[in-house]
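Here's query.cif, which has mmCIF, C-alpha atoms:
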```cif
data_target
loop_
_atom_site.label_atom_id
_atom_site.label_comp_id
_atom_site.auth_asym_id
_atom_site.auth_seq_id
_atom_site.Cartn_x
_atom_site.Cartn_y
_atom_site.Cartn_z
CA MET A 1 0.00 0.00 0.00
CA GLU A 2 1.32 3.43 -0.89
CA LYS A 3 2.18 5.48 2.18
CA ASN A 4 0.95 8.98 2.88
CA MET A 5 4.02 11.13 3.41
CA ASN A 6 3.71 13.99 5.86
CA VAL A 7 6.12 16.90 5.57
CA ILE A 8 8.57 17.32 8.43
CA SER A 9 9.45 20.87 9.44
CA CYS A 10 12.97 22.16 9.93
CA ALA A 11 12.21 22.53 13.63
CA GLU A 12 11.24 18.85 13.85
CA ALA A 13 14.41 17.82 12.04
CA VAL A 14 16.57 19.86 14.43
CA PHE A 15 14.69 18.45 17.40
CA LEU A 16 15.23 14.90 16.18
CA PHE A 17 18.94 15.55 15.71
CA LEU A 18 19.26 17.01 19.20
CA GLY A 19 17.38 14.05 20.67
CA CYS A 20 19.73 11.61 18.97
CA PHE A 21 22.76 13.61 20.11
CA LEU A 22 21.63 13.70 23.72
CA ALA A 23 20.97 9.97 23.71
CA ILE A 24 24.47 9.28 22.41
CA VAL A 25 26.36 11.51 24.82
CA SER A 26 24.43 10.53 27.91
CA ASN A 27 22.48 7.58 29.20
CA LEU A 28 20.11 9.87 31.04
CA GLU A 29 18.04 7.43 33.04
CA ALA A 30 19.88 4.14 32.82
CA GLN A 31 21.58 2.55 35.79
CA ASP A 32 24.00 -0.32 35.41
CA PRO A 33 21.68 -3.27 34.62
CA SER A 34 24.18 -5.62 36.25
CA LYS A 35 22.73 -4.45 39.58
CA LEU A 36 19.60 -6.39 38.64
CA SER A 37 19.57 -10.18 38.64
CA LEU A 38 17.21 -13.09 38.07
CA ASP A 39 17.89 -14.57 41.53
CA TYR A 40 17.70 -11.38 43.60
CA TYR A 41 14.84 -12.76 45.73
CA SER A 42 15.93 -16.41 45.64
CA LYS A 43 16.65 -16.41 49.38
CA SER A 44 14.74 -13.42 50.74
CA CYS A 45 11.44 -14.17 48.96
CA PRO A 46 11.64 -17.24 46.72
CA THR A 47 7.87 -17.29 46.08
CA ALA A 48 7.62 -13.63 45.01
CA GLN A 49 7.06 -14.25 41.31
CA GLN A 50 4.54 -17.00 41.97
CA VAL A 51 2.55 -14.67 44.21
CA VAL A 52 2.46 -11.98 41.51
CA ARG A 53 1.54 -14.51 38.82
CA SER A 54 -1.33 -15.93 40.86
CA GLU A 55 -2.87 -12.50 41.44
CA MET A 56 -2.44 -11.49 37.80
CA GLU A 57 -4.11 -14.70 36.64
CA CYS A 58 -7.17 -13.84 38.73
CA ALA A 59 -7.21 -10.22 37.56
CA VAL A 60 -6.87 -11.00 33.84
CA ARG A 61 -9.40 -13.80 34.07
CA ALA A 62 -11.86 -11.33 35.60
CA ASP A 63 -11.11 -8.67 32.98
CA PRO A 64 -8.57 -9.10 30.14
CA HIS A 65 -8.10 -5.31 30.00
CA ASN A 66 -6.26 -5.54 33.32
CA ALA A 67 -3.31 -6.81 31.27
CA ALA A 68 -3.09 -3.55 29.33
CA ILE A 69 -3.66 -1.51 32.48
CA ILE A 70 -0.70 -3.05 34.31
CA LEU A 71 1.50 -2.88 31.22
CA ARG A 72 0.77 0.80 30.92
CA LEU A 73 1.57 1.42 34.59
CA HIS A 74 4.98 -0.20 34.13
CA PHE A 75 5.65 1.86 31.01
CA HIS A 76 4.74 5.15 32.70
CA ASP A 77 6.81 4.22 35.71
CA CYS A 78 9.96 3.51 33.70
CA PHE A 79 9.74 6.69 31.61
CA VAL A 80 9.91 8.94 34.69
CA GLN A 81 13.04 8.68 36.86
CA GLY A 82 13.48 5.07 35.74
CA CYS A 83 11.53 2.00 36.90
CA ASP A 84 11.28 3.02 40.54
CA GLY A 85 7.60 2.78 41.48
CA SER A 86 7.27 6.57 41.57
CA VAL A 87 4.09 6.46 39.48
CA LEU A 88 2.36 4.65 42.34
CA LEU A 89 2.93 7.35 44.97
CA ASP A 90 -0.14 9.25 46.19
CA ASP A 91 -0.11 13.00 46.68
CA THR A 92 0.97 14.29 50.09
CA VAL A 93 0.95 17.72 51.70
CA SER A 94 4.50 18.25 50.44
CA MET A 95 4.38 16.50 47.04
CA ILE A 96 2.09 16.33 44.02
CA GLY A 97 2.63 12.91 42.49
CA GLU A 98 2.79 11.67 38.92
CA LYS A 99 -0.84 10.54 39.00
CA GLN A 100 -1.76 14.18 38.37
CA ALA A 101 0.32 14.42 35.17
CA ASP A 102 -1.54 15.31 31.99
CA GLN A 103 -0.89 11.86 30.53
CA ASN A 104 -2.07 10.08 33.69
CA VAL A 105 -4.90 11.98 35.34
CA ASN A 106 -8.33 10.41 34.84
CA SER A 107 -6.83 7.63 32.72
CA LEU A 108 -4.10 5.75 34.58
CA LYS A 109 -5.64 2.80 36.41
CA GLY A 110 -4.68 -0.39 38.20
CA PHE A 111 -3.62 1.03 41.55
CA ASP A 112 -6.09 -1.12 43.49
CA LEU A 113 -4.76 -4.22 41.75
CA VAL A 114 -1.21 -3.23 42.67
CA ASP A 115 -2.35 -2.75 46.28
CA LYS A 116 -3.82 -6.25 46.30
CA ILE A 117 -0.65 -7.86 44.92
CA LYS A 118 1.50 -5.90 47.35
CA GLU A 119 -0.64 -7.01 50.28
CA LYS A 120 -0.05 -10.64 49.30
CA LEU A 121 3.70 -10.06 48.94
CA GLU A 122 3.90 -8.36 52.34
CA ALA A 123 2.10 -11.29 53.93
CA GLU A 124 4.62 -13.66 52.33
CA CYS A 125 7.83 -11.61 52.70
CA PRO A 126 7.39 -8.38 54.72
CA GLY A 127 9.41 -5.39 53.50
CA VAL A 128 11.33 -7.31 50.85
CA VAL A 129 9.87 -6.98 47.34
CA SER A 130 9.85 -3.49 45.84
CA CYS A 131 6.81 -2.01 44.10
CA ALA A 132 8.95 -1.34 41.04
CA ASP A 133 9.78 -5.04 40.79
CA LEU A 134 6.13 -5.89 41.38
CA LEU A 135 5.18 -3.83 38.32
CA ALA A 136 7.95 -5.29 36.15
CA VAL A 137 6.98 -8.89 36.96
CA ALA A 138 3.24 -8.19 36.74
CA ALA A 139 3.70 -6.58 33.30
CA LYS A 140 5.43 -9.72 32.02
CA ASP A 141 2.67 -11.90 33.44
CA ALA A 142 0.05 -9.62 31.90
CA VAL A 143 1.51 -10.07 28.42
CA VAL A 144 1.87 -13.83 28.75
CA LEU A 145 -1.69 -14.24 30.04
CA VAL A 146 -3.16 -12.60 26.92
CA GLY A 147 -1.08 -14.62 24.48
CA GLY A 148 2.15 -12.64 24.30
CA PRO A 149 5.78 -13.74 24.68
CA TYR A 150 7.53 -14.76 27.89
CA TRP A 151 10.76 -13.21 29.13
CA ASP A 152 12.83 -13.52 32.28
CA VAL A 153 12.56 -10.38 34.42
CA PRO A 154 15.75 -9.23 36.17
CA VAL A 155 14.82 -7.86 39.61
CA GLY A 156 16.39 -5.84 42.38
CA ARG A 157 14.91 -2.39 41.65
CA LEU A 158 14.38 0.00 44.53
CA ASP A 159 11.41 2.27 45.09
CA SER A 160 11.95 5.99 44.84
CA LYS A 161 11.17 8.17 47.84
CA LYS A 162 9.82 10.91 45.60
CA ALA A 163 7.86 11.41 42.40
CA SER A 164 8.27 13.97 39.63
CA LEU A 165 5.17 15.58 38.19
CA ASP A 166 7.31 17.77 35.93
CA GLN A 167 9.15 14.82 34.40
CA ALA A 168 5.91 12.92 33.93
CA ASN A 169 4.53 15.86 31.96
CA THR A 170 7.60 16.16 29.76
CA ASP A 171 9.06 12.66 29.39
CA ILE A 172 6.06 10.39 28.73
CA PRO A 173 5.19 10.31 25.01
CA THR A 174 1.73 11.52 24.03
CA SER A 175 -0.61 10.48 21.25
CA ASP A 176 -0.53 13.81 19.43
CA GLN A 177 3.26 14.08 19.10
CA GLY A 178 5.07 13.71 15.81
CA LEU A 179 7.48 10.91 15.01
CA ALA A 180 10.59 13.04 15.52
CA THR A 181 9.52 13.92 19.05
CA LEU A 182 8.62 10.32 19.88
CA ILE A 183 11.96 9.01 18.62
CA SER A 184 13.88 11.60 20.62
CA LYS A 185 12.02 10.68 23.81
CA PHE A 186 12.87 7.00 23.42
CA LEU A 187 16.48 7.70 22.52
CA ALA A 188 16.81 9.89 25.62
CA LYS A 189 15.95 6.83 27.70
CA GLY A 190 18.58 4.70 25.98
CA LEU A 191 15.99 2.92 23.83
CA SER A 192 16.34 2.50 20.07
CA VAL A 193 13.93 3.19 17.23
CA THR A 194 13.34 -0.57 17.01
CA ASP A 195 12.50 -0.63 20.72
CA MET A 196 10.05 2.21 20.17
CA VAL A 197 8.11 0.48 17.41
CA ALA A 198 7.91 -2.77 19.38
CA LEU A 199 6.86 -1.11 22.62
CA VAL A 200 4.39 1.33 21.11
CA GLY A 201 2.85 -1.46 19.13
CA THR A 202 1.99 -3.17 22.25
CA THR A 203 2.69 -1.57 25.39
CA SER A 204 0.60 0.90 24.68
CA TYR A 205 0.94 3.83 24.99
CA ALA A 206 -2.89 5.00 25.35
CA LEU A 207 -4.61 4.30 28.00
CA ILE A 208 -1.33 2.00 27.82
CA PHE A 209 1.06 4.52 26.55
CA HIS A 210 -0.49 7.64 28.07
CA ALA A 211 -3.64 9.14 28.96
CA ALA A 212 -4.00 8.70 25.37
CA ARG A 213 -3.73 5.03 25.42
CA GLU A 214 -4.76 2.20 27.54
CA ARG A 215 -2.07 0.36 26.49
CA SER A 216 -0.21 -1.96 25.01
CA HIS A 217 -1.65 -0.88 21.84
CA THR A 218 -2.14 -4.41 20.80
CA ILE A 219 -4.38 -5.05 23.79
CA GLY A 220 -5.64 -1.60 24.77
CA VAL A 221 -8.37 0.92 24.19
CA SER A 222 -8.25 4.67 23.72
CA ARG A 223 -10.55 7.38 24.96
CA CYS A 224 -12.43 9.48 22.45
CA VAL A 225 -10.70 12.65 23.60
CA ASN A 226 -7.40 11.15 22.42
CA ILE A 227 -8.50 10.04 18.96
CA ARG A 228 -11.02 12.73 17.93
CA ASP A 229 -8.49 14.88 16.05
CA ARG A 230 -7.25 11.81 14.21
CA ILE A 231 -10.61 10.39 13.07
CA TYR A 232 -11.97 13.81 12.11
CA GLY A 233 -8.62 14.78 10.60
CA ASP A 234 -6.39 12.80 8.22
CA PHE A 235 -7.81 9.31 8.83
CA GLN A 236 -9.48 9.27 5.41
CA LEU A 237 -6.27 10.43 3.77
CA THR A 238 -4.04 7.73 5.28
CA SER A 239 -6.64 4.97 4.77
CA LYS A 240 -7.20 5.98 1.13
CA SER A 241 -10.97 6.04 1.78
CA GLU A 242 -11.23 2.34 0.99
CA ALA A 243 -14.64 0.75 1.57
CA ALA A 244 -13.66 -1.28 4.63
CA SER A 245 -11.82 1.67 6.14
CA SER A 246 -14.77 4.00 5.46
CA LEU A 247 -17.09 1.60 7.27
CA TYR A 248 -14.67 1.41 10.19
CA LEU A 249 -14.44 5.21 10.30
CA THR A 250 -18.24 5.49 10.37
CA LYS A 251 -18.35 3.19 13.40
CA LEU A 252 -15.62 5.20 15.10
CA LYS A 253 -17.56 8.41 14.63
CA GLU A 254 -20.67 6.78 16.07
CA THR A 255 -18.68 5.96 19.21
CA CYS A 256 -16.80 9.23 19.22
CA PRO A 257 -18.92 12.21 18.10
CA ALA A 258 -17.30 15.48 17.09
CA ARG A 259 -18.41 16.91 20.42
CA GLY A 260 -19.04 15.18 23.72
CA GLY A 261 -18.45 11.58 24.75
CA ASP A 262 -14.82 12.23 25.68
CA ASP A 263 -14.64 9.11 27.86
CA ASN A 264 -16.12 6.75 25.26
CA THR A 265 -13.53 4.17 24.23
CA SER A 266 -12.52 2.30 21.09
CA PRO A 267 -10.05 -0.60 20.78
CA ILE A 268 -6.67 0.49 19.44
CA ASP A 269 -6.48 -2.91 17.77
CA HIS A 270 -10.03 -3.44 16.50
CA VAL A 271 -9.18 -6.85 15.04
CA THR A 272 -8.14 -8.70 18.22
CA PRO A 273 -8.58 -6.12 21.01
CA THR A 274 -8.03 -8.41 24.01
CA VAL A 275 -5.24 -10.57 22.57
CA PHE A 276 -1.56 -9.75 22.42
CA ASP A 277 -0.57 -10.23 18.78
CA ASN A 278 0.73 -8.33 15.75
CA ALA A 279 -2.66 -7.31 14.29
CA PHE A 280 -2.02 -3.73 15.44
CA PHE A 281 0.63 -3.35 12.75
CA GLU A 282 -1.84 -4.33 10.04
CA THR A 283 -4.01 -1.36 10.98
CA LEU A 284 -1.03 0.91 10.36
CA LEU A 285 -0.36 -0.65 6.96
CA HIS A 286 -3.98 0.12 6.04
CA GLY A 287 -3.66 3.67 7.37
CA GLU A 288 -6.17 2.97 10.14
CA GLY A 289 -4.09 3.70 13.25
CA LEU A 290 -6.30 5.41 15.82
CA LEU A 291 -3.55 7.46 17.40
CA ASN A 292 -1.62 9.99 15.37
CA SER A 293 1.62 8.90 17.04
CA ASP A 294 0.97 5.29 15.97
CA GLN A 295 0.13 6.05 12.34
CA GLU A 296 3.14 8.34 12.07
CA MET A 297 5.38 5.28 12.37
CA TYR A 298 4.17 4.19 8.94
CA SER A 299 2.95 7.33 7.21
CA SER A 300 5.43 10.01 8.23
CA LEU A 301 7.98 11.31 5.72
CA ILE A 302 10.77 10.56 8.20
CA GLY A 303 9.35 7.12 8.95
CA PHE A 304 11.39 5.24 6.36
CA GLN A 305 13.00 3.14 9.12
CA THR A 306 9.93 2.75 11.30
CA ALA A 307 7.73 1.89 8.29
CA ASP A 308 10.01 -1.01 7.40
CA ILE A 309 9.89 -2.26 10.99
CA VAL A 310 6.08 -2.01 11.06
CA ALA A 311 5.86 -4.07 7.86
CA LYS A 312 8.32 -6.63 9.26
CA TYR A 313 6.38 -7.11 12.49
CA TRP A 314 3.11 -7.58 10.61
CA ALA A 315 4.70 -10.22 8.38
CA ASP A 316 6.64 -12.02 11.11
CA THR A 317 4.92 -12.57 14.46
CA ALA A 318 7.90 -14.42 15.91
CA ALA A 319 10.24 -11.52 15.13
CA PHE A 320 7.86 -9.08 16.77
CA PHE A 321 7.43 -11.23 19.89
CA LYS A 322 11.18 -11.65 20.30
CA GLN A 323 11.88 -7.96 19.88
CA PHE A 324 9.08 -6.99 22.24
CA ALA A 325 10.45 -9.26 24.95
CA ASP A 326 13.99 -7.91 24.43
CA SER A 327 12.73 -4.31 24.47
CA MET A 328 10.76 -4.88 27.67
CA VAL A 329 13.93 -6.07 29.37
CA ARG A 330 15.81 -3.02 28.08
CA MET A 331 13.11 -0.67 29.31
CA GLY A 332 12.93 -2.49 32.64
CA ASN A 333 16.67 -1.97 33.08
CA ILE A 334 16.16 1.79 33.27
CA THR A 335 16.46 2.24 37.01
CA ASN A 336 16.73 5.27 39.29
CA PRO A 337 20.41 5.93 40.07
CA GLU A 338 19.41 7.62 43.34
CA GLY A 339 18.35 4.28 44.78
CA GLY A 340 15.59 4.03 47.35
CA GLU A 341 13.78 1.42 49.41
CA ALA A 342 11.32 -1.45 49.24
CA ARG A 343 8.04 0.24 50.15
CA LYS A 344 5.64 -1.61 52.44
CA ASN A 345 2.74 0.29 50.86
CA CYS A 346 3.18 1.24 47.21
CA ARG A 347 1.27 4.50 47.68
CA PHE A 348 3.56 5.95 50.36
CA VAL A 349 7.24 5.99 51.28
CA ASN A 350 8.18 4.06 54.39
CA ALA A 351 7.92 5.93 57.68
#
```

Please, can you express the file's structure as structure tokens?
Amino acid sequence: MEKNMNVISCAEAVFLFLGCFLAIVSNLEAQDPSKLSLDYYSKSCPTAQQVVRSEMECAVRADPHNAAIILRLHFHDCFVQGCDGSVLLDDTVSMIGEKQADQNVNSLKGFDLVDKIKEKLEAECPGVVSCADLLAVAAKDAVVLVGGPYWDVPVGRLDSKKASLDQANTDIPTSDQGLATLISKFLAKGLSVTDMVALVGTTSYALIFHAARERSHTIGVSRCVNIRDRIYGDFQLTSKSEAASSLYLTKLKETCPARGGDDNTSPIDHVTPTVFDNAFFETLLHGEGLLNSDQEMYSSLIGFQTADIVAKYWADTAAFFKQFADSMVRMGNITNPEGGEARKNCRFVNA
């Protein structure tokens, strides 16, 4: 299918260059991944991963969307200060937490589920397993439980004693950003363009990549407020107004009117919305990506590299699964160099 090529401005080109430069000269968020290990809890809490898995099985069985919700929490955690559980902190009299960030407020969910898992872990091994590790392991379980790939999760992360609302507002990608901006944000975290395509394609980035996505785009849904500009904008242009696409667009507009219904939701992957697979990439090939930031990976003028990766992942499920697993490990290795603690309650720092 012929791609729609959007024009990139000089400002975007400069921004992309600066993002690449910054990523090369500094590993802004990454801590030495050798500090994490697969056997970190082998003596202190050998049943930790089984406890998390058991609770996730119950949660996903009750509602498959819990998989995307937990995946999105992990993503938003890692993109701010590293994977340190800071996204879970409640506001206090002296700190406004990341839950109030533009990309999180009224859309980030799953905190009650985290509380439940943490309660079980504390009963098993008091004060041992960090909330950051809880999220990393639960995200892996979430993906596996909806048909995605398995990967071993290195553990040993510590929970931050503070959150950063400012970083949450600036560092987490949003659904309305152009490809150059998205690439620069991933590079700044030490993640490659290939990592970006794999993670966006599934870890959503909607409600599972931001407030815009529920995440993992392959298993998430998006609120109307985050897709309205796209479906009433260039959707027809990128989809070539083909009959099937026109019918799909009509249904989208029924769910998401031009005005009102901001909290109505539509599956980001409308083919297999509750299964982790590569069908999301097919929607991009047809120009039917719901989020502008998703479709840009295939239709943008500067997307020559990302477009090839999108096509590859649609054609080769095994390649996509392997890369996604590898990219999740890479993202999970972004830890907070300031260290921290193992919180007893994920919402508050230890007394």

*Pick from A:Asp262, A:Asp90, A:Asp63, A:Asp195: nearest to Phe321 of chain A, with only C-alpha atoms counted?*
A:Asp195

*Around the point (-17.4, 10.4, 7.5), in the coordinates given by the file, pick out the residues reaching within 12 Å, counting all atoms listed in the file, and return them as a VMD selection string.*
chain A and resid 231 to 237 241 243 245 to 254 256 to 258

Any chance you could export the current selection's C-alpha atoms as a PDB file, keeping the file's coordinate frame?
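Everything below was put into selection-v6.pdb:
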```
ATOM      1  CA  ILE A 231     -10.610  10.390  13.070  1.00  0.00           C
ATOM      2  CA  TYR A 232     -11.970  13.810  12.110  1.00  0.00           C
ATOM      3  CA  GLY A 233      -8.620  14.780  10.600  1.00  0.00           C
ATOM      4  CA  ASP A 234      -6.390  12.800   8.220  1.00  0.00           C
ATOM      5  CA  PHE A 235      -7.810   9.310   8.830  1.00  0.00           C
ATOM      6  CA  GLN A 236      -9.480   9.270   5.410  1.00  0.00           C
ATOM      7  CA  LEU A 237      -6.270  10.430   3.770  1.00  0.00           C
ATOM      8  CA  SER A 241     -10.970   6.040   1.780  1.00  0.00           C
ATOM      9  CA  ALA A 243     -14.640   0.750   1.570  1.00  0.00           C
ATOM     10  CA  SER A 245     -11.820   1.670   6.140  1.00  0.00           C
ATOM     11  CA  SER A 246     -14.770   4.000   5.460  1.00  0.00           C
ATOM     12  CA  LEU A 247     -17.090   1.600   7.270  1.00  0.00           C
ATOM     13  CA  TYR A 248     -14.670   1.410  10.190  1.00  0.00           C
ATOM     14  CA  LEU A 249     -14.440   5.210  10.300  1.00  0.00           C
ATOM     15  CA  THR A 250     -18.240   5.490  10.370  1.00  0.00           C
ATOM     16  CA  LYS A 251     -18.350   3.190  13.400  1.00  0.00           C
ATOM     17  CA  LEU A 252     -15.620   5.200  15.100  1.00  0.00           C
ATOM     18  CA  LYS A 253     -17.560   8.410  14.630  1.00  0.00           C
ATOM     19  CA  GLU A 254     -20.670   6.780  16.070  1.00  0.00           C
ATOM     20  CA  CYS A 256     -16.800   9.230  19.220  1.00  0.00           C
ATOM     21  CA  PRO A 257     -18.920  12.210  18.100  1.00  0.00           C
ATOM     22  CA  ALA A 258     -17.300  15.480  17.090  1.00  0.00           C
TER      23      ALA A 258
END
```

*For Tyr298 of chain A, work out the shell of residues within 10 Å, counting all atoms listed in the file and skipping chain neighbours fewer than 3 positions away, then give it as a ChimeraX atom specification.*
/A:3-5,179,238,281,284-287,289,293-295,301-311

Counting all atoms listed in the file, find the residues whose atoms lie at most 12 Å from (13.3, -2.5, 31.6) (file coordinates) and write them out as an mmCIF file with C-alpha atoms, in the coordinates of the input.
```cif
data_model
loop_
_atom_site.group_PDB
_atom_site.id
_atom_site.type_symbol
_atom_site.label_atom_id
_atom_site.label_comp_id
_atom_site.auth_asym_id
_atom_site.auth_seq_id
_atom_site.Cartn_x
_atom_site.Cartn_y
_atom_site.Cartn_z
ATOM 1 C CA GLU A 29 18.040 7.430 33.040
ATOM 2 C CA ALA A 30 19.880 4.140 32.820
ATOM 3 C CA GLN A 31 21.580 2.550 35.790
ATOM 4 C CA ASP A 32 24.000 -0.320 35.410
ATOM 5 C CA PRO A 33 21.680 -3.270 34.620
ATOM 6 C CA LEU A 36 19.600 -6.390 38.640
ATOM 7 C CA LEU A 71 1.500 -2.880 31.220
ATOM 8 C CA HIS A 74 4.980 -0.200 34.130
ATOM 9 C CA PHE A 75 5.650 1.860 31.010
ATOM 10 C CA HIS A 76 4.740 5.150 32.700
ATOM 11 C CA ASP A 77 6.810 4.220 35.710
ATOM 12 C CA CYS A 78 9.960 3.510 33.700
ATOM 13 C CA PHE A 79 9.740 6.690 31.610
ATOM 14 C CA GLY A 82 13.480 5.070 35.740
ATOM 15 C CA CYS A 83 11.530 2.000 36.900
ATOM 16 C CA ASP A 84 11.280 3.020 40.540
ATOM 17 C CA ALA A 132 8.950 -1.340 41.040
ATOM 18 C CA ASP A 133 9.780 -5.040 40.790
ATOM 19 C CA LEU A 135 5.180 -3.830 38.320
ATOM 20 C CA ALA A 136 7.950 -5.290 36.150
ATOM 21 C CA VAL A 137 6.980 -8.890 36.960
ATOM 22 C CA ALA A 139 3.700 -6.580 33.300
ATOM 23 C CA LYS A 140 5.430 -9.720 32.020
ATOM 24 C CA TRP A 151 10.760 -13.210 29.130
ATOM 25 C CA ASP A 152 12.830 -13.520 32.280
ATOM 26 C CA VAL A 153 12.560 -10.380 34.420
ATOM 27 C CA PRO A 154 15.750 -9.230 36.170
ATOM 28 C CA VAL A 155 14.820 -7.860 39.610
ATOM 29 C CA GLY A 156 16.390 -5.840 42.380
ATOM 30 C CA ARG A 157 14.910 -2.390 41.650
ATOM 31 C CA LYS A 189 15.950 6.830 27.700
ATOM 32 C CA GLY A 190 18.580 4.700 25.980
ATOM 33 C CA LEU A 191 15.990 2.920 23.830
ATOM 34 C CA ASP A 195 12.500 -0.630 20.720
ATOM 35 C CA LEU A 199 6.860 -1.110 22.620
ATOM 36 C CA PHE A 324 9.080 -6.990 22.240
ATOM 37 C CA ALA A 325 10.450 -9.260 24.950
ATOM 38 C CA ASP A 326 13.990 -7.910 24.430
ATOM 39 C CA SER A 327 12.730 -4.310 24.470
ATOM 40 C CA MET A 328 10.760 -4.880 27.670
ATOM 41 C CA VAL A 329 13.930 -6.070 29.370
ATOM 42 C CA ARG A 330 15.810 -3.020 28.080
ATOM 43 C CA MET A 331 13.110 -0.670 29.310
ATOM 44 C CA GLY A 332 12.930 -2.490 32.640
ATOM 45 C CA ASN A 333 16.670 -1.970 33.080
ATOM 46 C CA ILE A 334 16.160 1.790 33.270
ATOM 47 C CA THR A 335 16.460 2.240 37.010
ATOM 48 C CA ASN A 336 16.730 5.270 39.290
#
```

*Starting from the displayed file, determine the output of the PyMOL selection byres ((chain A and resi 143) around 10) and express the residue list as a VMD selection string.*
chain A and resid 67 to 68 70 to 71 138 to 142 144 to 151 202 to 203 216 219 275 to 277 325

*Quick one: apply the PyMOL selection byres ((chain A and resi 159) around 7) to the file and drop the selected residues here as a PyMOL selection string.*
chain A and resi 84-86+130-132+157-158+160-161+340-343

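The set of residues that the PyMOL selection byres ((chain A and resi 346) around 8) takes from this file is Gly85, Leu88, Leu89, Val114, Asp115, Lys118, Cys131, Arg343, Lys344, Asn345, Arg347, Phe348 and Val349 of chain A.
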
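Atom to atom, atom CA of Cys58 of chain A and atom CA of Leu73 of chain A stand 18.1 Å apart.
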
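With all atoms listed in the file as the atoms that count, the residue of A:Ala319, A:Leu38, A:Val52, A:Ala244 with the shortest distance to Ala198 of chain A is A:Ala319.
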